[in-house]
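This report concerns only the one structure given below.
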Amino acid sequence: MPSTPLASVLFVCVHNAGRSQMAAGFLRHLAGDRVEVRSAGSLPGDQVNPAAVEAMREVGVDIAGARPKVLTTEAVQASDYVITMGCGDACPVFPGKKYLDWALDDPAGRGIEAVRPIRDEIRTRVEALIAEIDG
């Protein structure tokens with residue numbers, strides 16, 4: 001294991017309650033200490049979406065203790081990768097960062113059956129991101 005992370009990744013969505021929390025949970029779970037993980041929202045919610053928590057629990061990833069956080073300029077500046085998920089132009093852009101926009105359905109207000117395919121798509125994208133970082 002390297003003593004310093006290979007990369008720092010920031011996941012951003014509007015409420016930091018569903019997509020970005022699931023992505024951060026998968027990246028922490030799959031990459032461990034190799035990658036520094038952050039998540040934030042342009043308008044953070046009060047809590048992580050319970051359906052997202054349950055969907056992640058089904059695949060062995062615990063995000064129950066996560067809390068939505070506000071997006072800050074400092075978080076973007078401290079990240080190598082900035083992955084947006086429907087936050088539009090709210091995310092500041094800085095040179096030297098790799099920006100990716102993941103078009104994913106918003107799990108807000110949806111039941112577990114609707115959240116599972118979103119979760120699975122996020123896992124696929126996180127696995128590809130890890131492969132890119134490791135490469």
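Order determines the names: the first chain of the structure tokens is A, the second B, and so forth; residues in each chain are numbered 1 upward, and ligands are numbered 1 upward as they are shown.
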Each residue of segment 12-71 of chain A with at least one atom at most 10 Å from segment 81-85 of chain A should appear once, together with its nearest atom pair and the corresponding distance in Å (one decimal); atoms considered: only C-alpha atoms; ordering: chain, then increasing residue number; output as a tab-separated table.
```
residue	atom	partner	partner_atom	distance
A:Val12	CA	A:Thr84	CA	4.7
A:Cys13	CA	A:Met85	CA	4.8
A:Val14	CA	A:Met85	CA	7.8
A:Asn16	CA	A:Met85	CA	9.7
A:Arg19	CA	A:Met85	CA	7.1
A:Ser20	CA	A:Met85	CA	7.2
A:Ala23	CA	A:Ile83	CA	9.6
A:Val37	CA	A:Tyr81	CA	9.8
A:Arg38	CA	A:Val82	CA	9.4
A:Ser39	CA	A:Ile83	CA	9.3
A:Ala40	CA	A:Thr84	CA	9.8
A:Gly41	CA	A:Thr84	CA	9.5
```
- Find the residues around segment 114-130 of chain A up to 8 Å (only C-alpha atoms counted), leave out those fewer than 6 positions away in its own chain, and share them as a ChimeraX atom specification. /A:19,22-23,26-27,30-31,51-52,55-56,104-105,107
- Item | Length of the atom CA of Thr73 of chain A to atom CA of Trp102 of chain A vector [Å] |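 Atom-to-atom, atom CA of Thr73 of chain A to atom CA of Trp102 of chain A, that is 20.1 Å.
With only C-alpha atoms as the basis for measurement, A:Ser8 is the residue among A:Thr72, A:Ser8, A:Gln21, A:Gln77 that approaches Arg34 of chain A most closely.
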- Computed interatomic separation between atom CA of Leu10 of chain A and atom CA of Ser79 of chain A (Å):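 Taking atom CA of Leu10 of chain A as the start and atom CA of Ser79 of chain A as the end point, the length is 6.0 Å.
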- Query: How many Å separate atom CA of Gly111 of chain A from atom CA of Val48 of chain A?
  - Reply: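 Here the two named atoms are 13.9 Å from each other.
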- Using only C-alpha atoms: which of A:His15, A:His29, A:Lys69, A:Arg110 has the shortest distance to Arg57 of chain A: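 When distances to Arg57 of chain A are compared using only C-alpha atoms, the smallest one comes from A:His29.
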- Determine which residues of segment 23-94 of chain A DSSP labels as alpha helix (DSSP H) from the backbone of this structure, then write them out as a ChimeraX atom specification. /A:23-31,50-58,73-77
